[in-house]
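Chemist: The structure file target_22.tsv (TSV, C-alpha atoms) is provided below.
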chain	number	residue	atom	x	y	z
A	729	ASN	CA	36.79	-55.86	-31.39
A	730	ILE	CA	37.58	-52.93	-29.17
A	731	TRP	CA	35.11	-50.14	-29.84
A	732	PRO	CA	35.45	-46.56	-28.61
A	733	ASP	CA	33.22	-45.69	-25.70
A	734	GLU	CA	29.74	-44.75	-26.97
A	735	SER	CA	29.92	-41.40	-25.16
A	736	ALA	CA	33.18	-40.52	-26.95
A	737	ILE	CA	31.88	-41.23	-30.48
A	738	PRO	CA	28.11	-41.69	-30.35
A	739	GLY	CA	26.79	-44.15	-32.93
A	740	PHE	CA	30.23	-45.16	-34.20
A	741	GLU	CA	29.98	-48.91	-33.55
A	742	VAL	CA	26.52	-49.20	-35.12
A	743	ALA	CA	27.56	-47.12	-38.15
A	744	ALA	CA	30.79	-49.09	-38.64
A	745	LYS	CA	28.93	-52.40	-38.49
A	746	HIS	CA	26.35	-51.08	-40.97
A	747	LEU	CA	29.13	-50.01	-43.36
A	748	GLY	CA	30.67	-53.47	-43.06
A	749	SER	CA	27.34	-55.08	-43.90
A	750	ILE	CA	26.94	-52.89	-46.99
A	751	MET	CA	30.48	-53.68	-48.14
A	752	HIS	CA	29.95	-57.42	-47.65
A	753	GLY	CA	26.73	-57.21	-49.69
A	754	VAL	CA	28.60	-55.50	-52.52
A	755	VAL	CA	31.28	-58.22	-52.49
A	756	VAL	CA	28.62	-60.94	-52.62
A	757	HIS	CA	26.90	-59.22	-55.55
A	758	LEU	CA	30.21	-58.68	-57.37
A	759	SER	CA	31.14	-62.33	-56.91
A	760	LYS	CA	28.14	-63.37	-59.07
A	761	HIS	CA	29.59	-61.33	-61.94
A	762	ILE	CA	33.07	-62.73	-61.42
A	763	ASP	CA	31.63	-66.25	-61.54
A	764	ALA	CA	29.77	-65.46	-64.78
A	765	TYR	CA	32.95	-64.07	-66.35
A	766	ALA	CA	35.03	-67.07	-65.24
A	767	LYS	CA	32.38	-69.46	-66.60
A	768	SER	CA	32.42	-67.63	-69.96
A	769	LYS	CA	36.18	-68.26	-70.17
A	770	SER	CA	36.15	-71.85	-68.93
A	771	SER	CA	33.18	-74.20	-69.23
A	772	SER	CA	34.64	-76.37	-66.46
A	773	TYR	CA	34.40	-73.50	-63.96
A	774	PRO	CA	31.82	-74.58	-61.33
A	775	ASP	CA	28.59	-72.57	-61.23
A	776	ASN	CA	28.49	-69.88	-58.50
A	777	LEU	CA	31.78	-71.01	-56.93
A	778	LEU	CA	32.89	-67.63	-55.59
A	779	TYR	CA	29.35	-66.44	-54.92
A	780	GLU	CA	28.59	-69.40	-52.65
A	781	ALA	CA	31.86	-68.89	-50.78
A	782	MET	CA	31.25	-65.18	-50.29
A	783	LYS	CA	27.57	-65.53	-49.46
A	784	GLN	CA	28.12	-68.10	-46.75
A	785	THR	CA	31.35	-66.92	-45.19
A	786	GLU	CA	31.51	-65.56	-41.70
A	787	LYS	CA	35.15	-64.72	-42.18
A	788	ALA	CA	34.60	-61.25	-43.63
A	789	LYS	CA	36.90	-58.72	-42.01
A	790	GLY	CA	36.52	-55.05	-41.45
A	791	ARG	CA	39.38	-52.79	-40.54
A	792	LEU	CA	39.14	-49.16	-39.55
A	793	LEU	CA	42.50	-47.48	-39.23
A	794	TYR	CA	43.49	-44.20	-37.67
A	795	TYR	CA	46.91	-42.82	-38.48
A	796	PHE	CA	48.35	-40.39	-35.99
A	797	PRO	CA	50.08	-37.42	-37.60
A	798	LEU	CA	53.84	-37.59	-37.82
A	799	ASP	CA	55.63	-35.06	-35.67
A	800	ASN	CA	58.49	-33.03	-37.13
A	801	GLY	CA	61.11	-35.37	-35.66
A	802	GLU	CA	59.59	-38.39	-37.36
A	803	GLU	CA	59.43	-36.55	-40.67
A	804	LYS	CA	63.12	-35.64	-40.36
A	805	ASP	CA	64.02	-39.27	-39.54
A	806	ASP	CA	62.11	-40.44	-42.60
A	807	VAL	CA	64.08	-38.02	-44.76
A	808	ASN	CA	67.45	-38.89	-43.17
A	809	ASN	CA	66.93	-42.66	-43.49
A	810	ALA	CA	65.46	-42.63	-47.00
A	811	LYS	CA	67.41	-44.31	-49.79
A	812	ASP	CA	66.08	-41.85	-52.38
A	813	ASP	CA	63.38	-39.20	-52.86
A	814	ALA	CA	60.72	-41.81	-53.70
A	815	ASP	CA	61.42	-43.52	-50.38
A	816	ILE	CA	60.60	-40.35	-48.42
A	817	ALA	CA	56.93	-40.14	-49.36
A	818	GLU	CA	56.24	-43.87	-49.61
A	819	ASP	CA	54.96	-46.30	-47.03
A	820	SER	CA	55.16	-44.23	-43.88
A	821	TRP	CA	52.20	-45.81	-42.10
A	822	ILE	CA	50.78	-49.34	-42.43
A	823	GLY	CA	53.34	-50.81	-44.78
A	824	TRP	CA	52.96	-53.06	-47.78
A	825	HIS	CA	50.95	-56.20	-47.05
A	826	ASN	CA	48.80	-58.84	-48.73
A	827	ASP	CA	45.10	-58.82	-47.99
A	828	SER	CA	44.01	-62.24	-46.85
A	829	GLY	CA	40.57	-62.42	-48.44
A	830	PHE	CA	39.27	-63.35	-51.88
A	831	LEU	CA	37.97	-59.84	-52.50
A	832	THR	CA	38.72	-56.56	-50.76
A	833	ALA	CA	36.11	-53.83	-50.44
A	834	LEU	CA	37.43	-50.37	-49.68
A	835	ALA	CA	35.59	-47.42	-48.21
A	836	GLY	CA	36.72	-43.91	-48.95
A	837	ASP	CA	39.32	-42.31	-46.74
A	838	MET	CA	38.69	-39.41	-44.38
A	839	TYR	CA	41.26	-36.81	-43.43
A	840	ILE	CA	40.74	-35.21	-40.05
A	841	ASP	CA	42.59	-32.49	-38.18
A	842	HIS	CA	44.16	-34.34	-35.25
A	843	GLU	CA	43.80	-31.36	-32.91
A	844	THR	CA	40.19	-30.33	-33.66
A	845	GLY	CA	38.60	-33.51	-35.02
A	846	GLU	CA	37.25	-31.50	-37.96
A	847	HIS	CA	37.26	-32.91	-41.48
A	848	LEU	CA	39.95	-31.42	-43.72
A	849	ASN	CA	38.94	-30.08	-47.10
A	850	SER	CA	40.51	-31.74	-50.11
A	851	GLN	CA	42.69	-28.71	-50.91
A	852	SER	CA	44.62	-29.11	-47.65
A	853	ILE	CA	45.51	-32.77	-48.21
A	854	ASP	CA	48.78	-33.84	-49.82
A	855	PRO	CA	47.79	-35.14	-53.28
A	856	ASN	CA	50.17	-38.08	-52.78
A	857	ALA	CA	48.52	-39.18	-49.52
A	858	GLY	CA	46.20	-42.15	-49.46
A	859	LEU	CA	45.94	-45.73	-50.55
A	860	TYR	CA	48.37	-47.40	-52.93
A	861	VAL	CA	47.95	-50.93	-54.29
A	862	LEU	CA	50.46	-53.13	-56.02
A	863	ASN	CA	49.19	-55.55	-58.66
A	864	ARG	CA	50.68	-58.92	-59.50
A	865	ASN	CA	52.86	-57.35	-62.17
A	866	GLY	CA	54.44	-55.00	-59.63
A	867	THR	CA	52.68	-51.88	-60.88
A	868	LYS	CA	51.84	-49.43	-58.10
A	869	THR	CA	48.56	-47.51	-58.40
A	870	HIS	CA	47.31	-44.63	-56.27
A	871	VAL	CA	43.68	-45.45	-55.51
A	872	VAL	CA	41.48	-42.37	-55.28
A	873	ILE	CA	37.94	-43.05	-54.13
A	874	PRO	CA	35.58	-40.13	-54.90
A	875	GLU	CA	34.41	-38.20	-51.84
A	876	ASP	CA	30.75	-39.04	-52.50
A	877	CYS	CA	31.30	-42.81	-52.39
Turn the structure described in the file into structure tokens.

Modeler:
Amino acid sequence: NIWPDESAIPGFEVAAKHLGSIMHGVVVHLSKHIDAYAKSKSSSYPDNLLYEAMKQTEKAKGRLLYYFPLDNGEEKDDVNNAKDDADIAEDSWIGWHNDSGFLTALAGDMYIDHETGEHLNSQSIDPNAGLYVLNRNGTKTHVVIPEDC
């Protein structure tokens, strides 16, 4: 990992690692419930299959992303190259991808003024901004994690 210099963002690395540990713990706990549900549907499902995999894995990943604001030229290019109106607002940053783990834990998003570093209040954020997930049936869902989570 490449962490920001401690003097630039004091405590960031320690806090990020702590968040990752909490999220991994939640996934491990959730996996017990998934195992119990799977076992209730199929008696041949092995006891604690997912739980043991999640509990013992060292392959948990954490990803903290920062999206730089688009400048006016980029916004115009997005509009000029869009196939339709839905294309304009969709997928302008990380792009659609498959997560590579069994379970994905998500922390809430933060919106920050790029110039000042101050948190933006929810009224100044585009209501269409944020995380979208696509399920196996192709249904797109806008995931909104409450601010207090």

Chemist: Give me, as a ChimeraX atom specification, all polymer residues having an atom no more than 8 Å from Leu778 of chain A, counting only C-alpha atoms and skipping those fewer than 2 positions away in the same chain.

Modeler: /A:759-760,762-763,776,780-782

Chemist: Restricting the calculation to all atoms listed in the file, which member of A:Ala743, A:Asp827, A:Pro855, A:Pro797 is positioned closest to Glu843 of chain A?

Modeler: A:Pro797

Chemist: Which residues are close to segment 784-795 of chain A, i.e. within 12 Å by only C-alpha atoms, leaving aside same-chain residues fewer than 5 positions away? Reply as a PyMOL selection string.

Modeler: chain A and resi 729-732+740-741+743-753+755-756+776-779+820-822+827-842+857-859

Chemist: Tell me, in Å to one decimal, how far atom CA of Ser768 of chain A is from atom CA of Lys783 of chain A.

Modeler: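 The value is 21.2 Å.
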
Chemist: I'd like the neighbourhood of Tyr860 of chain A as a tab-separated table (two decimals) with C-alpha atoms, keeping the file's coordinate frame, where a residue qualifies if any of its atoms comes within 8 Å (using only C-alpha atoms), though same-chain residues fewer than 5 positions away should be ignored.

Modeler:
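Saved result, result-v2.tsv, follows:
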chain	number	residue	atom	x	y	z
A	868	LYS	CA	51.84	-49.43	-58.10
A	869	THR	CA	48.56	-47.51	-58.40
A	870	HIS	CA	47.31	-44.63	-56.27
A	871	VAL	CA	43.68	-45.45	-55.51

Chemist: For atom CA of His761 of chain A and atom CA of Val861 of chain A, quote the distance in Å rounded to one decimal.

Modeler: 22.4 Å

Chemist: As an exercise, work out the distance from atom CA of Trp824 of chain A to atom CA of Leu862 of chain A in Å and give it to one decimal place.

Modeler: 8.6 Å

Chemist: Could you check which of A:Gly823, A:Asn856, A:His847, A:Tyr773 is closest to Val872 of chain A, using all atoms listed in the file?

Modeler: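 Using all atoms listed in the file, the shortest distance to Val872 of chain A belongs to A:Asn856.
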